[in-house]
file final_3.txt (compact mmCIF, C-alpha atoms)
# COMPACT_ATOMS: atom_id res chain seq x y z
CA MET A 1 135.53 75.05 117.48
CA GLY A 2 136.37 78.42 116.12
CA ILE A 3 135.61 77.64 112.53
CA SER A 4 132.96 79.96 111.15
CA PHE A 5 131.13 79.23 107.96
CA PHE A 6 129.91 82.80 107.79
CA THR A 7 131.99 85.79 106.80
CA PRO A 8 130.76 89.22 107.85
CA LEU A 9 129.71 91.94 105.45
CA SER A 10 132.70 93.86 104.08
CA TRP A 11 133.52 96.57 101.56
CA ASN A 12 134.35 93.87 99.02
CA ASP A 13 130.64 93.19 98.74
CA SER A 14 129.85 96.69 97.50
CA GLY A 15 130.48 95.71 93.88
CA PHE A 16 128.07 92.80 94.21
CA ILE A 17 125.40 95.03 95.76
CA LEU A 18 125.96 97.65 93.07
CA THR A 19 125.29 95.02 90.39
CA GLY A 20 121.97 94.30 92.07
CA VAL A 21 121.12 98.00 92.29
CA LEU A 22 121.95 98.58 88.61
CA ASN A 23 120.01 95.49 87.52
CA THR A 24 116.95 96.64 89.47
CA ILE A 25 117.12 100.06 87.82
CA TYR A 26 117.78 98.50 84.42
CA ILE A 27 114.84 96.11 84.38
CA SER A 28 112.46 98.67 85.94
CA VAL A 29 113.30 101.35 83.38
CA LEU A 30 113.00 98.86 80.54
CA ALA A 31 109.61 97.59 81.74
CA ILE A 32 108.33 101.13 82.28
CA VAL A 33 109.43 102.29 78.80
CA VAL A 34 108.11 99.23 76.94
CA GLY A 35 104.99 99.05 79.13
CA THR A 36 104.25 102.74 78.53
CA ILE A 37 104.57 102.43 74.74
CA LEU A 38 102.41 99.30 74.63
CA GLY A 39 99.99 100.77 77.17
CA LEU A 40 99.62 103.91 75.07
CA ILE A 41 98.68 101.80 72.04
CA VAL A 42 96.31 99.61 74.08
CA GLY A 43 94.72 102.63 75.77
CA PHE A 44 94.22 104.38 72.44
CA LEU A 45 92.69 101.28 70.84
CA ARG A 46 90.36 100.78 73.78
CA ALA A 47 89.23 104.40 73.69
CA GLU A 48 88.56 104.17 69.94
CA ALA A 49 87.23 100.63 69.55
CA ASN A 50 83.58 99.64 69.69
CA ARG A 51 82.06 97.96 72.70
CA PHE A 52 82.71 94.39 71.56
CA VAL A 53 86.42 94.80 70.79
CA ASN A 54 86.76 96.86 73.94
CA SER A 55 85.35 94.19 76.24
CA LEU A 56 87.43 91.52 74.48
CA MET A 57 90.64 93.50 75.06
CA GLY A 58 89.49 94.30 78.57
CA SER A 59 89.05 90.67 79.54
CA VAL A 60 92.47 89.68 78.18
CA LEU A 61 94.17 92.54 80.04
CA ASP A 62 92.17 91.62 83.11
CA ILE A 63 94.00 88.30 83.33
CA LEU A 64 97.31 90.15 83.66
CA ARG A 65 95.86 92.22 86.48
CA SER A 66 94.07 89.45 88.38
CA VAL A 67 96.84 86.84 88.54
CA PRO A 68 99.69 87.59 90.94
CA LEU A 69 102.86 88.76 89.20
CA ILE A 70 104.89 86.06 90.90
CA ILE A 71 102.66 83.33 89.37
CA GLN A 72 102.91 84.98 85.94
CA LEU A 73 106.71 85.02 86.19
CA ILE A 74 106.97 81.37 87.21
CA LEU A 75 104.38 80.29 84.66
CA PHE A 76 106.01 82.13 81.77
CA SER A 77 109.55 80.99 82.44
CA THR A 78 108.43 77.39 83.03
CA TYR A 79 106.29 77.42 79.90
CA ILE A 80 109.10 78.76 77.71
CA GLY A 81 111.45 76.19 79.20
CA ALA A 82 109.03 73.31 78.75
CA MET A 83 108.47 74.25 75.10
CA GLY A 84 112.18 73.82 74.54
CA HIS A 85 113.20 77.49 74.20
CA PRO A 86 114.54 78.50 77.59
CA LEU A 87 115.25 82.22 77.93
CA ASN A 88 117.58 83.76 80.44
CA PRO A 89 115.93 85.26 83.54
CA PHE A 90 116.48 88.82 82.39
CA VAL A 91 114.65 88.34 79.08
CA SER A 92 111.69 86.42 80.46
CA GLY A 93 111.55 88.73 83.48
CA SER A 94 111.41 91.85 81.34
CA ILE A 95 108.81 90.35 78.98
CA VAL A 96 106.46 89.51 81.86
CA LEU A 97 107.10 92.75 83.74
CA SER A 98 106.54 94.80 80.56
CA LEU A 99 103.24 93.08 79.78
CA TYR A 100 102.16 93.49 83.40
CA THR A 101 103.03 97.21 83.20
CA MET A 102 101.17 97.44 79.88
CA ALA A 103 97.95 96.16 81.47
CA PHE A 104 97.99 98.93 84.08
CA MET A 105 99.28 101.67 81.76
CA GLY A 106 96.54 100.77 79.24
CA GLU A 107 93.87 101.65 81.81
CA VAL A 108 95.65 104.88 82.72
CA PHE A 109 95.95 106.04 79.11
CA ARG A 110 92.42 105.00 78.23
CA GLY A 111 91.22 107.29 80.99
CA GLY A 112 93.41 110.03 79.54
CA PHE A 113 92.03 109.68 76.02
CA GLU A 114 88.48 109.58 77.33
CA SER A 115 89.05 112.72 79.40
CA VAL A 116 89.36 114.77 76.19
CA GLN A 117 85.78 115.77 75.45
CA LYS A 118 84.15 115.03 72.15
CA PRO A 119 83.31 118.69 71.26
CA MET A 120 87.00 119.53 71.47
CA ILE A 121 87.88 116.84 68.92
CA VAL A 122 84.98 117.89 66.67
CA THR A 123 86.16 121.51 66.87
CA ALA A 124 89.69 120.51 65.92
CA ARG A 125 88.42 118.54 62.94
CA SER A 126 86.15 121.40 61.80
CA LEU A 127 89.13 123.76 61.90
CA GLY A 128 90.60 121.62 59.14
CA MET A 129 92.83 119.27 61.13
CA SER A 130 93.10 115.72 59.90
CA TYR A 131 92.33 112.79 62.22
CA TRP A 132 96.02 112.33 62.98
CA GLN A 133 96.63 116.03 63.48
CA ALA A 134 93.78 116.20 65.98
CA LEU A 135 95.32 113.21 67.73
CA ARG A 136 98.84 114.62 67.67
CA TYR A 137 98.10 118.25 68.63
CA ILE A 138 94.91 118.02 70.69
CA ARG A 139 94.14 114.62 72.16
CA LEU A 140 97.64 113.40 73.05
CA PRO A 141 98.91 116.53 74.83
CA ILE A 142 95.69 117.13 76.79
CA GLY A 143 95.01 113.47 77.56
CA LEU A 144 98.57 112.63 78.61
CA ARG A 145 98.91 115.70 80.80
CA ALA A 146 95.80 114.75 82.74
CA VAL A 147 97.02 111.26 83.59
CA PHE A 148 100.62 112.10 84.47
CA PRO A 149 100.17 111.55 88.25
CA SER A 150 98.55 108.13 87.68
CA TRP A 151 101.28 107.23 85.21
CA LEU A 152 103.87 108.05 87.85
CA GLY A 153 101.97 105.94 90.37
CA VAL A 154 102.06 102.90 88.08
CA ALA A 155 105.76 103.48 87.30
CA LEU A 156 106.55 103.56 91.02
CA SER A 157 104.69 100.32 91.63
CA VAL A 158 106.65 98.71 88.77
CA ILE A 159 109.96 99.67 90.43
CA LYS A 160 108.75 97.98 93.60
CA ASP A 161 107.30 94.97 91.78
CA SER A 162 110.57 94.44 89.91
CA ALA A 163 111.80 92.87 93.15
CA LEU A 164 109.72 89.81 92.25
CA VAL A 165 111.83 89.05 89.18
CA SER A 166 114.33 87.62 91.67
CA VAL A 167 112.06 84.57 91.87
CA ILE A 168 113.07 83.34 88.43
CA GLY A 169 116.74 83.97 89.12
CA TYR A 170 117.43 87.51 87.93
CA MET A 171 120.18 89.12 90.00
CA GLU A 172 118.36 92.24 91.09
CA LEU A 173 118.85 94.02 94.38
CA LEU A 174 116.71 91.79 96.57
CA ARG A 175 118.30 88.60 95.27
CA THR A 176 121.84 89.85 95.74
CA SER A 177 120.94 90.84 99.28
CA GLU A 178 119.35 87.46 99.87
CA GLN A 179 122.59 85.76 98.86
CA LEU A 180 124.60 88.10 101.06
CA ILE A 181 122.27 87.29 103.94
CA SER A 182 122.80 83.57 103.56
CA ARG A 183 126.57 84.09 103.55
CA THR A 184 126.90 86.70 106.30
CA GLN A 185 123.87 85.88 108.47
CA GLN A 186 123.32 89.60 108.99
CA PRO A 187 119.76 89.96 107.70
CA LEU A 188 118.84 93.15 109.51
CA GLU A 189 121.70 95.37 108.27
CA ILE A 190 121.38 94.20 104.68
CA LEU A 191 117.59 94.39 104.54
CA ILE A 192 117.54 97.88 106.05
CA GLY A 193 120.04 98.95 103.38
CA VAL A 194 117.78 97.49 100.67
CA GLY A 195 114.74 99.24 102.15
CA ILE A 196 116.59 102.57 102.21
CA PHE A 197 117.54 102.15 98.54
CA TYR A 198 113.93 101.60 97.42
CA PHE A 199 112.79 104.44 99.66
CA ILE A 200 115.33 106.89 98.23
CA ILE A 201 114.14 106.16 94.70
CA SER A 202 110.43 105.97 95.41
CA TYR A 203 109.84 108.72 97.98
CA PRO A 204 110.98 111.79 95.96
CA LEU A 205 109.00 110.57 92.94
CA SER A 206 105.87 110.05 95.01
CA LEU A 207 106.26 113.57 96.46
CA TYR A 208 106.62 114.92 92.94
CA GLY A 209 103.48 113.02 91.90
CA LYS A 210 101.52 114.52 94.79
CA TYR A 211 102.80 117.98 93.90
CA MET A 212 101.74 117.59 90.26
CA GLU A 213 98.35 116.28 91.32
CA ARG A 214 97.77 119.33 93.49
CA LYS A 215 99.02 121.66 90.76
CA MET A 216 96.67 120.16 88.19
CA ALA A 217 93.67 120.12 90.49
CA ILE A 218 93.62 123.92 90.67
CA MET B 219 114.72 71.59 63.45
CA LEU B 220 111.18 70.33 63.02
CA CYS B 221 112.00 66.90 64.36
CA GLU B 222 113.62 68.47 67.37
CA GLY B 223 110.50 70.52 68.03
CA VAL B 224 108.31 67.43 67.91
CA SER B 225 110.52 65.38 70.15
CA MET B 226 110.61 68.19 72.72
CA GLU B 227 106.79 68.32 72.88
CA TYR B 228 105.62 68.79 76.44
CA GLN B 229 103.11 66.24 77.69
CA PHE B 230 100.47 67.63 79.99
CA HIS B 231 99.36 65.40 82.86
CA TRP B 232 96.35 66.90 84.54
CA ASN B 233 95.38 63.93 86.69
CA ILE B 234 98.09 64.64 89.24
CA VAL B 235 96.75 68.15 89.69
CA PHE B 236 93.13 67.02 90.06
CA ASN B 237 94.14 64.46 92.67
CA LYS B 238 95.71 67.27 94.68
CA MET B 239 92.67 69.53 94.36
CA PRO B 240 91.73 69.31 98.08
CA GLN B 241 95.18 70.63 99.05
CA LEU B 242 94.98 73.42 96.47
CA LEU B 243 91.51 74.43 97.67
CA ASN B 244 92.82 74.42 101.21
CA GLY B 245 95.63 76.72 100.02
CA ALA B 246 93.05 79.02 98.43
CA PHE B 247 91.19 79.08 101.74
CA VAL B 248 94.38 80.09 103.59
CA THR B 249 94.93 82.85 100.98
CA LEU B 250 91.45 84.25 101.63
CA HIS B 251 91.85 83.78 105.35
CA VAL B 252 95.11 85.72 105.58
CA SER B 253 93.83 88.48 103.26
CA VAL B 254 90.60 89.00 105.18
CA LEU B 255 92.45 89.05 108.50
CA ALA B 256 95.09 91.46 107.14
CA MET B 257 92.31 93.68 105.85
CA LEU B 258 90.32 93.78 109.10
CA ILE B 259 93.31 94.44 111.35
CA GLY B 260 94.73 96.85 108.74
CA ILE B 261 91.49 98.87 108.75
CA ALA B 262 91.49 99.06 112.56
CA ILE B 263 95.10 100.33 112.64
CA ALA B 264 94.50 102.67 109.69
CA VAL B 265 91.62 104.40 111.51
CA LEU B 266 93.93 105.11 114.47
CA LEU B 267 96.76 106.25 112.18
CA ALA B 268 94.41 108.52 110.20
CA ILE B 269 93.17 110.14 113.41
CA GLY B 270 96.79 110.57 114.49
CA LYS B 271 97.80 112.03 111.15
CA MET B 272 95.05 114.65 111.26
CA SER B 273 96.23 115.78 114.69
CA ASP B 274 97.68 119.28 114.94
CA SER B 275 100.50 118.08 117.14
CA LYS B 276 103.65 117.31 115.13
CA ALA B 277 104.74 114.71 117.65
CA ILE B 278 101.54 112.68 117.20
CA SER B 279 101.34 112.95 113.41
CA PHE B 280 105.00 111.92 113.05
CA ILE B 281 104.48 108.17 113.62
CA PRO B 282 101.60 107.77 111.13
CA THR B 283 103.56 109.76 108.53
CA VAL B 284 106.62 107.55 108.84
CA TRP B 285 104.46 104.41 108.78
CA VAL B 286 102.58 105.51 105.65
CA GLU B 287 105.69 106.55 103.73
CA ILE B 288 107.62 103.35 104.50
CA ALA B 289 104.60 101.20 103.58
CA ARG B 290 104.05 103.03 100.30
CA ASN B 291 107.65 103.38 99.17
CA THR B 292 109.17 99.94 99.71
CA PRO B 293 108.29 96.65 97.97
CA ALA B 294 105.90 94.25 99.70
CA LEU B 295 108.49 91.53 99.26
CA PHE B 296 110.96 93.60 101.27
CA GLN B 297 108.42 93.93 104.08
CA ILE B 298 107.80 90.19 104.14
CA TYR B 299 111.55 89.49 104.25
CA MET B 300 111.89 92.05 107.00
CA ALA B 301 109.18 90.31 109.07
CA TYR B 302 110.54 86.83 108.37
CA PHE B 303 114.34 87.25 108.35
CA GLY B 304 114.93 90.77 109.70
CA LEU B 305 113.08 90.40 112.98
CA GLY B 306 115.22 87.35 113.72
CA ALA B 307 118.00 89.75 114.69
CA PHE B 308 115.85 90.81 117.64
CA GLY B 309 115.21 87.20 118.58
CA ILE B 310 111.67 87.36 117.17
CA HIS B 311 111.09 84.32 114.96
CA LEU B 312 107.74 84.47 113.22
CA SER B 313 106.10 81.56 111.44
CA PRO B 314 105.61 82.10 107.69
CA TYR B 315 101.90 82.71 108.24
CA VAL B 316 102.44 85.37 110.89
CA ALA B 317 105.27 86.99 108.89
CA VAL B 318 103.12 87.36 105.77
CA LEU B 319 100.11 88.42 107.81
CA SER B 320 102.03 91.14 109.66
CA ALA B 321 103.64 92.44 106.44
CA LEU B 322 100.23 92.64 104.77
CA ILE B 323 98.75 94.38 107.81
CA PHE B 324 101.62 96.88 107.75
CA VAL B 325 101.06 97.74 104.07
CA ASN B 326 97.26 97.75 104.26
CA ALA B 327 97.33 100.07 107.26
CA GLY B 328 99.75 102.40 105.43
CA TYR B 329 97.69 102.68 102.27
CA LEU B 330 94.30 102.84 104.01
CA THR B 331 95.43 105.63 106.34
CA GLU B 332 95.62 107.95 103.34
CA THR B 333 92.28 106.63 102.05
CA PHE B 334 90.52 107.31 105.36
CA ARG B 335 92.11 110.72 105.76
CA GLY B 336 91.07 111.68 102.23
CA GLY B 337 87.54 110.37 102.81
CA PHE B 338 87.20 112.27 106.05
CA GLN B 339 88.59 115.53 104.76
CA ALA B 340 86.37 115.41 101.67
CA ILE B 341 83.32 116.07 103.85
CA PRO B 342 82.91 119.81 104.52
CA LYS B 343 83.07 120.84 108.17
CA THR B 344 79.98 123.00 107.66
CA GLN B 345 77.89 119.81 107.52
CA TYR B 346 78.92 119.10 111.09
CA SER B 347 77.79 122.49 112.36
CA ALA B 348 74.61 122.36 110.27
CA SER B 349 73.62 118.99 111.78
CA LYS B 350 74.49 120.24 115.26
CA SER B 351 72.24 123.25 114.78
CA LEU B 352 69.42 120.91 113.76
CA GLY B 353 69.68 119.40 117.24
CA MET B 354 71.73 116.25 116.56
CA SER B 355 74.19 114.99 119.11
CA SER B 356 77.82 114.41 118.11
CA VAL B 357 77.23 110.65 117.92
CA GLN B 358 74.18 111.20 115.73
CA VAL B 359 76.09 113.53 113.42
CA TYR B 360 78.73 110.89 112.84
CA ARG B 361 76.23 108.03 112.64
CA TYR B 362 73.80 109.63 110.18
CA ILE B 363 75.74 112.34 108.32
CA ILE B 364 79.53 111.94 108.29
CA LEU B 365 80.17 108.19 108.31
CA PRO B 366 77.65 107.18 105.58
CA GLN B 367 79.15 109.72 103.17
CA MET B 368 82.68 108.75 104.15
CA PHE B 369 81.95 105.05 103.66
CA ARG B 370 80.66 105.76 100.17
CA ARG B 371 83.94 107.47 99.25
CA ILE B 372 86.25 104.84 100.70
CA TYR B 373 84.32 101.80 99.48
CA HIS B 374 86.12 101.42 96.16
CA PRO B 375 89.64 102.03 97.52
CA LEU B 376 88.83 99.43 100.19
CA THR B 377 87.85 96.77 97.64
CA ASN B 378 90.97 97.55 95.59
CA GLN B 379 93.13 97.15 98.65
CA PHE B 380 91.46 93.84 99.43
CA VAL B 381 92.18 92.49 95.93
CA TRP B 382 95.74 93.75 96.28
CA SER B 383 96.06 91.83 99.57
CA ILE B 384 94.87 88.61 97.92
CA LEU B 385 97.39 89.00 95.09
CA MET B 386 100.27 89.98 97.37
CA SER B 387 99.68 87.11 99.79
CA SER B 388 101.09 85.00 96.94
CA LEU B 389 104.53 86.19 98.11
CA GLY B 390 104.08 83.65 100.88
CA ILE B 391 105.64 81.23 98.36
CA LEU B 392 109.04 82.77 99.18
CA VAL B 393 108.90 82.09 102.89
CA GLY B 394 107.26 78.66 102.64
CA MET B 395 103.76 79.61 103.69
CA ASN B 396 100.93 77.18 102.97
CA GLU B 397 98.66 79.57 101.04
CA LEU B 398 97.69 78.93 97.42
CA SER B 399 101.08 79.77 95.86
CA GLY B 400 103.15 78.11 98.55
CA GLU B 401 100.98 75.01 98.43
CA THR B 402 101.28 74.94 94.62
CA GLN B 403 105.04 75.22 94.92
CA ARG B 404 105.19 72.38 97.46
CA LEU B 405 102.92 70.09 95.40
CA GLN B 406 104.74 70.71 92.12
CA SER B 407 108.09 69.94 93.77
CA LEU B 408 106.73 66.49 94.68
CA SER B 409 105.52 65.66 91.17
CA PHE B 410 107.52 67.99 88.88
CA ARG B 411 104.34 68.93 86.99
CA THR B 412 105.27 72.60 87.45
CA LEU B 413 103.36 73.97 84.48
CA GLU B 414 100.08 72.20 85.25
CA PHE B 415 100.09 73.17 88.91
CA PHE B 416 100.84 76.82 88.25
CA ILE B 417 98.23 77.05 85.47
CA VAL B 418 95.61 75.79 87.90
CA ALA B 419 96.85 78.19 90.58
CA ALA B 420 96.63 81.11 88.12
CA ILE B 421 93.05 80.17 87.23
CA MET B 422 92.15 79.91 90.91
CA TYR B 423 93.58 83.38 91.61
CA TYR B 424 91.65 84.76 88.64
CA VAL B 425 88.40 83.21 89.87
CA ILE B 426 88.94 84.45 93.43
CA THR B 427 89.70 87.99 92.27
CA LYS B 428 86.72 88.09 89.90
CA PHE B 429 84.44 86.67 92.57
CA VAL B 430 85.54 89.29 95.08
CA LEU B 431 85.14 92.15 92.58
CA LEU B 432 81.74 90.90 91.42
CA SER B 433 80.36 90.47 94.91
CA THR B 434 81.67 93.84 96.11
CA SER B 435 80.13 95.58 93.12
CA LEU B 436 76.80 93.82 93.76
CA VAL B 437 76.96 94.94 97.39
CA SER B 438 77.78 98.50 96.37
CA LYS B 439 74.80 98.59 93.98
CA ARG B 440 72.60 97.41 96.80
CA ILE B 441 73.75 99.76 99.54
CA PHE B 442 74.47 102.84 97.45
CA LYS B 443 71.37 102.42 95.23
CA GLY B 444 73.45 102.99 92.12
CA ASP B 445 74.39 106.62 92.75
CA ILE B 446 78.09 106.64 93.43

call {"tool": "encode", "arguments": {"input": "final_3.txt", "output": "structure tokens"}}
result
Amino acid sequence: MGISFFTPLSWNDSGFILTGVLNTIYISVLAIVVGTILGLIVGFLRAEANRFVNSLMGSVLDILRSVPLIIQLILFSTYIGAMGHPLNPFVSGSIVLSLYTMAFMGEVFRGGFESVQKPMIVTARSLGMSYWQALRYIRLPIGLRAVFPSWLGVALSVIKDSALVSVIGYMELLRTSEQLISRTQQPLEILIGVGIFYFIISYPLSLYGKYMERKMAI
Amino acid sequence: MLCEGVSMEYQFHWNIVFNKMPQLLNGAFVTLHVSVLAMLIGIAIAVLLAIGKMSDSKAISFIPTVWVEIARNTPALFQIYMAYFGLGAFGIHLSPYVAVLSALIFVNAGYLTETFRGGFQAIPKTQYSASKSLGMSSVQVYRYIILPQMFRRIYHPLTNQFVWSILMSSLGILVGMNELSGETQRLQSLSFRTLEFFIVAAIMYYVITKFVLLSTSLVSKRIFKGDI
């Protein structure tokens, strides 16, 4: 009697939680940056390519969007391991999360490029701009501006989806809290703290997205 | 180096997976089952929340607002953990199925509230008065004028949300639910053919998602006669 296997939550755990918080931010930002760059390329190619190439790219990207992220993560890390080149959870997690982000960003940017009307591009070219100049000064600024709210929406969902990288062993916020829960047996306090953290990051950004959407609609 | 690569070659054994096909299909059925249920109950709650949110009274619109913002701004995994582990603090112990179902209902209701509100507000109020002046009753106005137009606007968001539910129900794997992912996890732990089982699960998710999208788009062509 009297022996407890569980120790309550204390201030000593704050460093551990902070690691989780930083890792969540780290992998989300990385996936958003890489996913945006790749998505921009994919979106541009899909807007420019002919119908055949377009549908081919579309069906490959579709796989990334129709298979649950959690299955993709498990599959990728198992596959890499089985082929004899195991990667650490952070690397395989960020590869999968970046490709997943790319699939969604590609659609967003394709919409942006297609929103710039043909006459505008023709006008730019007839004013003596080269193909790349028209892209750089006309299509990119107008197209990207139009899709900013959707871009922000995808970025927000990536921050939330980054929680799933915990499945393959990456020490992000949800996994650190899970370990704290199994030690302290105080699930409610810890989970509410985790929820508040995601909310604090996500809510202001979603408000900003709504504000931009309203501003652009006028 | 080369020799090492050859000796490490992974041998695929598909027979084990095919022998377990009935269990996997049963898992796929549970996935569909929980998603459909989460969708139907989510829609019912979302209608109430949307009506509440459009209310002029601050006190009434407060609850839907909080619900929507929490559902939209926290990860689905967090909500499932909350239902499964968090509620235990109140002495409520849910089974994995009920925990995942209630988390999905919570999120669906949150997202669909905004969809319904947007769909409703997109229809000009003048249409209501115009129909009234043509001699329609309130019920008739909603039945023949407002709801058909509203349904047309919310149809695509609804199908997207349904696909999202199917994909997110895969988080049941983390609380030991017996849907497709959880079943895959359980079966692979018995045989250690992890790769084969998860490849088959991925294909099954792909087929389910494509099937749902294809059938909803066929339905939409039929009921909206192409003009959407």

call {"tool": "residues_around", "arguments": {"input": "final_3.txt", "residues": "Phe334 (chain B)", "least_positions_apart": "5", "cutoff": "7 Å", "atoms": "all atoms listed in the file", "output": "PyMOL selection string"}}
result
chain B and resi 265+268+372

call {"tool": "atom_distance", "arguments": {"input": "final_3.txt", "atom1": "CA of Phe410 (chain B)", "atom2": "CA of Phe296 (chain B)"}}
result
28.7 Å

call {"tool": "axis_aligned_box", "arguments": {"input": "final_3.txt", "around": "region 39-58 of chain A", "padding_each_side": "5 Å", "output": "AutoDock Vina command-line options"}}
result
--center_x 91.0 --center_y 98.0 --center_z 74.1 --size_x 27.9 --size_y 22.9 --size_z 19.0

call {"tool": "interface_residues", "arguments": {"input": "final_3.txt", "of": "chain A", "to": "chain B", "cutoff": "6 Å", "atoms": "all atoms listed in the file", "output": "list in words"}}
result
Ser66, Val67, Pro68, Lys160, Pro187, Leu188, Tyr198, Phe199, Ser202 and Tyr203 of chain A

call {"tool": "atom_distance", "arguments": {"input": "final_3.txt", "atom1": "CA of Ile363 (chain B)", "atom2": "CA of Ala348 (chain B)"}}
result
10.3 Å

call {"tool": "closest_residue", "arguments": {"input": "final_3.txt", "among": "A:Ala31, A:Arg139, A:Val167, A:Ile80", "to": "Val393 (chain B)", "atoms": "only C-alpha atoms"}}
result
A:Val167

call {"tool": "closest_residue", "arguments": {"input": "final_3.txt", "among": "B:Val318, B:Leu436, B:Leu352, B:Leu376", "to": "Gly394 (chain B)", "atoms": "all atoms listed in the file"}}
result
B:Val318

call {"tool": "closest_residue", "arguments": {"input": "final_3.txt", "among": "B:Val357, B:Ile261, B:Leu405, B:Ala321", "to": "Gln241 (chain B)", "atoms": "all atoms listed in the file"}}
result
B:Leu405

call {"tool": "residues_around", "arguments": {"input": "final_3.txt", "residues": "Ala155 (chain A)", "least_positions_apart": "2", "cutoff": "10 Å", "atoms": "all atoms listed in the file", "output": "ChimeraX atom specification"}}
result
/A:28-29,31-33,35-36,101,104-105,149-153,157-161,202,205

call {"tool": "write_last_selection", "arguments": {"input": "final_3.txt", "atoms": "C-alpha atoms", "output": "JSON list (two decimals), in the coordinates of the input"}}
result
[["chain", "number", "residue", "atom", "x", "y", "z"],
["A", 28, "SER", "CA", 112.46, 98.67, 85.94],
["A", 29, "VAL", "CA", 113.30, 101.35, 83.38],
["A", 31, "ALA", "CA", 109.61, 97.59, 81.74],
["A", 32, "ILE", "CA", 108.33, 101.13, 82.28],
["A", 33, "VAL", "CA", 109.43, 102.29, 78.80],
["A", 35, "GLY", "CA", 104.99, 99.05, 79.13],
["A", 36, "THR", "CA", 104.25, 102.74, 78.53],
["A", 101, "THR", "CA", 103.03, 97.21, 83.20],
["A", 104, "PHE", "CA", 97.99, 98.93, 84.08],
["A", 105, "MET", "CA", 99.28, 101.67, 81.76],
["A", 149, "PRO", "CA", 100.17, 111.55, 88.25],
["A", 150, "SER", "CA", 98.55, 108.13, 87.68],
["A", 151, "TRP", "CA", 101.28, 107.23, 85.21],
["A", 152, "LEU", "CA", 103.87, 108.05, 87.85],
["A", 153, "GLY", "CA", 101.97, 105.94, 90.37],
["A", 157, "SER", "CA", 104.69, 100.32, 91.63],
["A", 158, "VAL", "CA", 106.65, 98.71, 88.77],
["A", 159, "ILE", "CA", 109.96, 99.67, 90.43],
["A", 160, "LYS", "CA", 108.75, 97.98, 93.60],
["A", 161, "ASP", "CA", 107.30, 94.97, 91.78],
["A", 202, "SER", "CA", 110.43, 105.97, 95.41],
["A", 205, "LEU", "CA", 109.00, 110.57, 92.94]]

call {"tool": "atom_distance", "arguments": {"input": "final_3.txt", "atom1": "CA of Ser407 (chain B)", "atom2": "CA of Tyr100 (chain A)"}}
result
26.4 Å

call {"tool": "closest_residue", "arguments": {"input": "final_3.txt", "among": "B:Phe324, B:Leu398, B:Leu330, B:Ile281", "to": "Pro375 (chain B)", "atoms": "all atoms listed in the file"}}
result
B:Leu330

call {"tool": "build_atoms", "arguments": {"input": "final_3.txt", "residues": "region 31-42 of chain A", "atoms": "N, CA and C atoms", "output": "PDB file, in the frame of the given file"}}
result
ATOM      1  N   ALA A  31     111.037  97.959  81.663  1.00  0.00           N
ATOM      2  CA  ALA A  31     109.610  97.590  81.740  1.00  0.00           C
ATOM      3  C   ALA A  31     108.729  98.814  81.679  1.00  0.00           C
ATOM      4  N   ILE A  32     109.159  99.914  82.300  1.00  0.00           N
ATOM      5  CA  ILE A  32     108.330 101.130  82.280  1.00  0.00           C
ATOM      6  C   ILE A  32     108.262 101.696  80.868  1.00  0.00           C
ATOM      7  N   VAL A  33     109.415 101.732  80.169  1.00  0.00           N
ATOM      8  CA  VAL A  33     109.430 102.290  78.800  1.00  0.00           C
ATOM      9  C   VAL A  33     108.582 101.430  77.868  1.00  0.00           C
ATOM     10  N   VAL A  34     108.862 100.127  77.847  1.00  0.00           N
ATOM     11  CA  VAL A  34     108.110  99.230  76.940  1.00  0.00           C
ATOM     12  C   VAL A  34     106.632  99.206  77.338  1.00  0.00           C
ATOM     13  N   GLY A  35     106.372  99.093  78.647  1.00  0.00           N
ATOM     14  CA  GLY A  35     104.990  99.050  79.130  1.00  0.00           C
ATOM     15  C   GLY A  35     104.230 100.323  78.798  1.00  0.00           C
ATOM     16  N   THR A  36     104.915 101.473  78.854  1.00  0.00           N
ATOM     17  CA  THR A  36     104.250 102.740  78.530  1.00  0.00           C
ATOM     18  C   THR A  36     103.894 102.795  77.052  1.00  0.00           C
ATOM     19  N   ILE A  37     104.840 102.393  76.187  1.00  0.00           N
ATOM     20  CA  ILE A  37     104.570 102.430  74.740  1.00  0.00           C
ATOM     21  C   ILE A  37     103.410 101.497  74.401  1.00  0.00           C
ATOM     22  N   LEU A  38     103.488 100.256  74.900  1.00  0.00           N
ATOM     23  CA  LEU A  38     102.410  99.300  74.630  1.00  0.00           C
ATOM     24  C   LEU A  38     101.093  99.766  75.260  1.00  0.00           C
ATOM     25  N   GLY A  39     101.190 100.302  76.471  1.00  0.00           N
ATOM     26  CA  GLY A  39      99.990 100.770  77.170  1.00  0.00           C
ATOM     27  C   GLY A  39      99.328 101.918  76.432  1.00  0.00           C
ATOM     28  N   LEU A  40     100.153 102.787  75.838  1.00  0.00           N
ATOM     29  CA  LEU A  40      99.620 103.910  75.070  1.00  0.00           C
ATOM     30  C   LEU A  40      98.818 103.388  73.876  1.00  0.00           C
ATOM     31  N   ILE A  41      99.377 102.381  73.196  1.00  0.00           N
ATOM     32  CA  ILE A  41      98.680 101.800  72.040  1.00  0.00           C
ATOM     33  C   ILE A  41      97.375 101.131  72.511  1.00  0.00           C
ATOM     34  N   VAL A  42      97.493 100.312  73.566  1.00  0.00           N
ATOM     35  CA  VAL A  42      96.310  99.610  74.080  1.00  0.00           C
ATOM     36  C   VAL A  42      95.241 100.606  74.536  1.00  0.00           C
TER      37      VAL A  42
END
